[in-house]
Each structure stands twice: as C-alpha cells, then as structure tokens.
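Visitor: Input: one structure, supplied below.
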Amino acid sequence: MQLPSRLDATTLGDVLGALARELATGTLTLVDARGDEHFIGLRRGLVQGVRTPLEAPRLGELLAREGLLPESIRRRLQEALVLTPARPVGEVLIDAGLEPGLIHAALRQQLRERLDALFRLRTAALRFNVLGAPRLERLEVPLSLREYLHGRPRRRGRPGSRASPPRAAPASAAEGAPPPARGDSALQRAAALETLGLEGGASPEQIRLAFRRLAREAHPDRQRPTPLVGGRRRSFAELSEAYHRLLA
C-alpha cells in the first residue's frame with residue numbers, strides 16, 4: 001500500500017479509507033505546517049486512538065458539558081489530578097462512582113472530537129508506521145467506519161476533483177432510530193447502545209432483538225457467564241437498564 005506523502009494532495013477521509021481497506025494496523029502521523037505532530041492509532045484499519053496538540057475536550061470537560069458530572073465527583077477528580085496526575089481519568093471517575101457505560105461512551109465521543117480537529121487540517125506531511133509508533137491511549141473497541149468517515153469530504157484520488165459534500169444519513173436509519181428518552185443526553189443514549197452492542201442508527205426493532213438475544217444469555221436463571229459485548233461482560237441489570245433507556 002502506498003499513501004500520498006502530503007495531505008494537500010488528498011483528504012484525511014481518503015487516507016483513512018485506504019487504511020481501512022487494507023486492514024492496516026499501526027500509526028498514521030501527520031506533521032502540520034508548524035511542525036506539530038498528530039498521531040492516529042489504527043487496529044485492523046479502524047481508529048482506536050488519537051493524540052494531538054489541537055484543542056479537544058478533556059474527559060471531565062466533556063461529561064460536565066453534557067451535565068453528567070456531579071459536583072462531588074468533579075471535586076474528587078480535581079483532587080486526584082493533583083495527587084496522582086499520571087492516573088487515567090477514567091479510572092478515577094469509575095472509583096468515584098460514575099457509571100462505566102457513560103465513561104466509555106464519553107471516551108468514544110472524545111476520540112471523535114479529536115478526529116474532528118484533525119479533519120480540519122488542510123496541509124500536513126503524512127507517514128504510516130507499523131512499528132515504533134508512540135504510545136497512545138486506545139479504546140478497547142475501535143470506532144466503526146460510520147462513526148468517523150460517514151459524511152466526510154472525499155476526493156478518492158481523482159486529480160482536480162472536488163471533495164464530495166457531506167451526505168445525509170440514510171433515510172431508513174434517520175427515520176427508524178428512536179428519539180432519545182426525555183431527560184437523557186446524547187452520551188447516555190450512546191452508552192446504552194454500546195451496552196447492547198449497537199451503533200447510533202439502530203432502529204427500535206434492532207434494539208429489541210439485541211436485548212432479547214443478550215438477555216437470554218445473561219438471565220440469572222441460566223447460571224452462565226454474562227455475555228461479552230464490546231469487550232466487556234454485561235449483566236442482566238445493565239442490559240435491562242439500557243433497553244428501557246432507549247425505548248421507554
């Protein structure tokens with residue numbers, strides 16, 4: 001696989017699309033006009049982590065923005081950042097009592113917003129490394145292509161062609177997806193979908209089918225290990241809460 005040496009001749013969407021087709025694992029590095037380096041970690045073609053000096057929300061800021069960071073937990077987070085600055089923020093929030101599903105959904109949103117900042121770059125040198133990549137904070141489950149490529153400008157390597165405008169979501173997904181329950185934030189809905197192993201465009205019928213399948217596996221009467229969804233074990237109580245949050 002041969003990638004362009006500069007972003008000027010293509011789009012980041014085309015580059016990430018090419019890496020996805022090759023199921024590439026490694027790190028894409030972008031060096032902008034100021035010499036700043038930006039890193040995108042991929043696993044089997046899917047984005048798993050991003051490190052960039054560009055402005056993007058911290059995890060606590062993102063949760064506070066959504067109204068999901070109680071004052072008591074915010075204080076504990078501030079104290080932990082002073083006493084143990086190297087400790088992952090997610091661990092601190094879980095120990096403080098914040099719902100793990102919300103934290104995972106917030107981490108995915110944070111990664112998407114970091115990518116949004118990189119998609120705004122217009123000029124940068126490009127290189128892809130399979131080995132010797134810098135350490136990145138990585139999601140347990142990479143973002144799906146739809147989460148970060150859908151609607152992005154693309155040139156697809158045609159000289160002189162313009163980037164295609166963002167496309168609207170398919171009507172079936174837009175019309176079939178249930179609205180967020182009253183009082184729920186976008187992150188709470190995303191966390192519930194992640195618990196059921198679904199993506200953002202899931203229809204009510206897809207939600208019901210996923211819940212029924214997983215609930216059969218997780219029901220206490222079965223006396224079996226709880227089902228593994230998105231790299232994590234899910235209890236019957238978690239699945240039930242997610243289902244009612246999405247369809248109540």
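Following the order of the structure tokens, chains are lettered A, B, ..., residues in each are numbered from 1, and ligands are numbered from 1.
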List every residue of region 81-160 of chain A that has an atom at most 12 Å from any atom of region 240-246 of chain A, giving for each one its closest atom pair and the distance in Å to one decimal, counting only C-alpha atoms, sorted by chain and then by ascending residue number, as CSV.
Guide:
residue,atom,partner,partner_atom,distance
A:Glu99,CA,A:Glu241,CA,11.8
A:Gly101,CA,A:Ala242,CA,9.5
A:Leu102,CA,A:Ala242,CA,11.1
Visitor: Identify, with DSSP run on backbone atoms, the residues in region 26-96 of chain A assigned to alpha helix (DSSP H), and express the list as a ChimeraX atom specification.
Guide: /A:59-65,71-83,89-95
Visitor: So which one's closest to Ala9 (chain A), A:Ser72, A:Thr27, A:Thr123, A:Ser144? Using only C-alpha atoms, please.
Guide: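 Ranking A:Ser72, A:Thr27, A:Thr123, A:Ser144 by distance to Ala9 (chain A), first place goes to A:Thr123.
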Visitor: Using DSSP on the backbone coordinates, identify all residues within region 21-163 of chain A classified as strand (DSSP E or B); present the result as a list of chain:residue names.
Guide: A:Gly26, A:Thr27, A:Leu28, A:Thr29, A:Leu30, A:Val31, A:Asp32, A:Glu37, A:His38, A:Phe39, A:Ile40, A:Gly41, A:Leu42, A:Arg43, A:Leu46, A:Val47, A:Gln48, A:Gly49, A:Val50, A:Arg51, A:Ala124, A:Ala125, A:Leu126, A:Arg127, A:Phe128, A:Asn129
Visitor: Emit the selected residues as a PDB file, in the first residue's frame, including N, CA and C atoms.
Guide:
ATOM      1  N   GLY A  26      -1.279   0.073  12.875  1.00  0.00           N
ATOM      2  CA  GLY A  26      -0.103   0.909  13.064  1.00  0.00           C
ATOM      3  C   GLY A  26      -0.522   2.322  13.431  1.00  0.00           C
ATOM      4  N   THR A  27       0.335   3.293  13.116  1.00  0.00           N
ATOM      5  CA  THR A  27       0.064   4.689  13.478  1.00  0.00           C
ATOM      6  C   THR A  27       0.263   5.593  12.265  1.00  0.00           C
ATOM      7  N   LEU A  28      -0.762   6.380  11.965  1.00  0.00           N
ATOM      8  CA  LEU A  28      -0.673   7.412  10.937  1.00  0.00           C
ATOM      9  C   LEU A  28      -0.220   8.702  11.614  1.00  0.00           C
ATOM     10  N   THR A  29       0.876   9.280  11.108  1.00  0.00           N
ATOM     11  CA  THR A  29       1.411  10.519  11.668  1.00  0.00           C
ATOM     12  C   THR A  29       1.206  11.656  10.685  1.00  0.00           C
ATOM     13  N   LEU A  30       0.698  12.775  11.172  1.00  0.00           N
ATOM     14  CA  LEU A  30       0.552  13.989  10.382  1.00  0.00           C
ATOM     15  C   LEU A  30       1.438  15.063  11.006  1.00  0.00           C
ATOM     16  N   VAL A  31       2.252  15.723  10.196  1.00  0.00           N
ATOM     17  CA  VAL A  31       3.103  16.820  10.663  1.00  0.00           C
ATOM     18  C   VAL A  31       2.628  18.082   9.955  1.00  0.00           C
ATOM     19  N   ASP A  32       2.045  19.014  10.728  1.00  0.00           N
ATOM     20  CA  ASP A  32       1.439  20.185  10.105  1.00  0.00           C
ATOM     21  C   ASP A  32       2.474  21.261   9.778  1.00  0.00           C
ATOM     22  N   GLU A  37       3.160  17.446  15.582  1.00  0.00           N
ATOM     23  CA  GLU A  37       2.854  16.078  15.170  1.00  0.00           C
ATOM     24  C   GLU A  37       1.518  15.630  15.754  1.00  0.00           C
ATOM     25  N   HIS A  38       0.758  14.902  14.937  1.00  0.00           N
ATOM     26  CA  HIS A  38      -0.539  14.374  15.319  1.00  0.00           C
ATOM     27  C   HIS A  38      -0.542  12.881  14.983  1.00  0.00           C
ATOM     28  N   PHE A  39      -1.058  12.054  15.882  1.00  0.00           N
ATOM     29  CA  PHE A  39      -0.978  10.607  15.708  1.00  0.00           C
ATOM     30  C   PHE A  39      -2.361   9.979  15.743  1.00  0.00           C
ATOM     31  N   ILE A  40      -2.605   9.062  14.811  1.00  0.00           N
ATOM     32  CA  ILE A  40      -3.853   8.305  14.769  1.00  0.00           C
ATOM     33  C   ILE A  40      -3.488   6.826  14.810  1.00  0.00           C
ATOM     34  N   GLY A  41      -3.891   6.144  15.876  1.00  0.00           N
ATOM     35  CA  GLY A  41      -3.609   4.718  16.010  1.00  0.00           C
ATOM     36  C   GLY A  41      -4.724   3.894  15.405  1.00  0.00           C
ATOM     37  N   LEU A  42      -4.358   2.883  14.608  1.00  0.00           N
ATOM     38  CA  LEU A  42      -5.341   2.031  13.941  1.00  0.00           C
ATOM     39  C   LEU A  42      -5.103   0.563  14.282  1.00  0.00           C
ATOM     40  N   ARG A  43      -6.201  -0.178  14.381  1.00  0.00           N
ATOM     41  CA  ARG A  43      -6.130  -1.627  14.537  1.00  0.00           C
ATOM     42  C   ARG A  43      -7.020  -2.264  13.491  1.00  0.00           C
ATOM     43  N   LEU A  46      -9.200   0.271  11.644  1.00  0.00           N
ATOM     44  CA  LEU A  46     -10.148   1.107  12.373  1.00  0.00           C
ATOM     45  C   LEU A  46      -9.433   1.963  13.414  1.00  0.00           C
ATOM     46  N   VAL A  47      -9.909   3.188  13.584  1.00  0.00           N
ATOM     47  CA  VAL A  47      -9.269   4.121  14.509  1.00  0.00           C
ATOM     48  C   VAL A  47      -9.521   3.704  15.955  1.00  0.00           C
ATOM     49  N   GLN A  48      -8.422   3.598  16.707  1.00  0.00           N
ATOM     50  CA  GLN A  48      -8.505   3.151  18.089  1.00  0.00           C
ATOM     51  C   GLN A  48      -7.997   4.209  19.070  1.00  0.00           C
ATOM     52  N   GLY A  49      -7.213   5.185  18.582  1.00  0.00           N
ATOM     53  CA  GLY A  49      -6.685   6.204  19.471  1.00  0.00           C
ATOM     54  C   GLY A  49      -6.158   7.388  18.681  1.00  0.00           C
ATOM     55  N   VAL A  50      -6.166   8.573  19.292  1.00  0.00           N
ATOM     56  CA  VAL A  50      -5.663   9.803  18.658  1.00  0.00           C
ATOM     57  C   VAL A  50      -4.915  10.612  19.704  1.00  0.00           C
ATOM     58  N   ARG A  51      -3.755  11.151  19.287  1.00  0.00           N
ATOM     59  CA  ARG A  51      -3.036  12.106  20.137  1.00  0.00           C
ATOM     60  C   ARG A  51      -2.720  13.329  19.303  1.00  0.00           C
ATOM     61  N   ALA A 124      -0.376  18.987   5.603  1.00  0.00           N
ATOM     62  CA  ALA A 124       0.440  18.221   6.554  1.00  0.00           C
ATOM     63  C   ALA A 124       1.190  17.147   5.789  1.00  0.00           C
ATOM     64  N   ALA A 125       2.370  16.806   6.292  1.00  0.00           N
ATOM     65  CA  ALA A 125       3.097  15.652   5.762  1.00  0.00           C
ATOM     66  C   ALA A 125       2.510  14.393   6.389  1.00  0.00           C
ATOM     67  N   LEU A 126       2.485  13.298   5.621  1.00  0.00           N
ATOM     68  CA  LEU A 126       1.876  12.053   6.068  1.00  0.00           C
ATOM     69  C   LEU A 126       2.902  10.930   6.081  1.00  0.00           C
ATOM     70  N   ARG A 127       2.820  10.084   7.091  1.00  0.00           N
ATOM     71  CA  ARG A 127       3.582   8.833   7.065  1.00  0.00           C
ATOM     72  C   ARG A 127       2.858   7.814   7.932  1.00  0.00           C
ATOM     73  N   PHE A 128       3.012   6.552   7.562  1.00  0.00           N
ATOM     74  CA  PHE A 128       2.367   5.478   8.306  1.00  0.00           C
ATOM     75  C   PHE A 128       3.425   4.510   8.800  1.00  0.00           C
ATOM     76  N   ASN A 129       3.403   4.231  10.105  1.00  0.00           N
ATOM     77  CA  ASN A 129       4.385   3.344  10.720  1.00  0.00           C
ATOM     78  C   ASN A 129       3.691   2.117  11.292  1.00  0.00           C
TER      79      ASN A 129
END
Visitor: Which one is closest to Leu239 (chain A): A:Leu77, A:Leu136, A:Leu196, A:Ala106? Count only C-alpha atoms.
Guide: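 Using only C-alpha atoms, Leu239 (chain A) sits closest to A:Leu196.
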Visitor: Taking 4 positions as the minimum chain separation for residues in the same chain, which residues sit within 7 Å of region 12-20 of chain A when counting only C-alpha atoms? Answer as a CSV table (one decimal) with C-alpha atoms, in the first residue's frame.
Guide:
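Now in result34.csv:
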chain,number,residue,atom,x,y,z
A,7,LEU,CA,-2.4,15.8,2.9
A,24,ALA,CA,-3.8,-1.7,8.4
A,45,GLY,CA,-8.0,-0.5,9.7
A,46,LEU,CA,-10.1,1.1,12.4
A,119,PHE,CA,-10.1,16.7,9.7
A,149,LEU,CA,-15.9,8.5,8.0
A,152,ARG,CA,-16.6,13.3,5.4
A,153,PRO,CA,-15.2,15.2,2.3
A,154,ARG,CA,-13.6,12.7,0.0
A,155,ARG,CA,-11.5,13.1,-3.2
A,156,ARG,CA,-10.8,9.4,-3.7
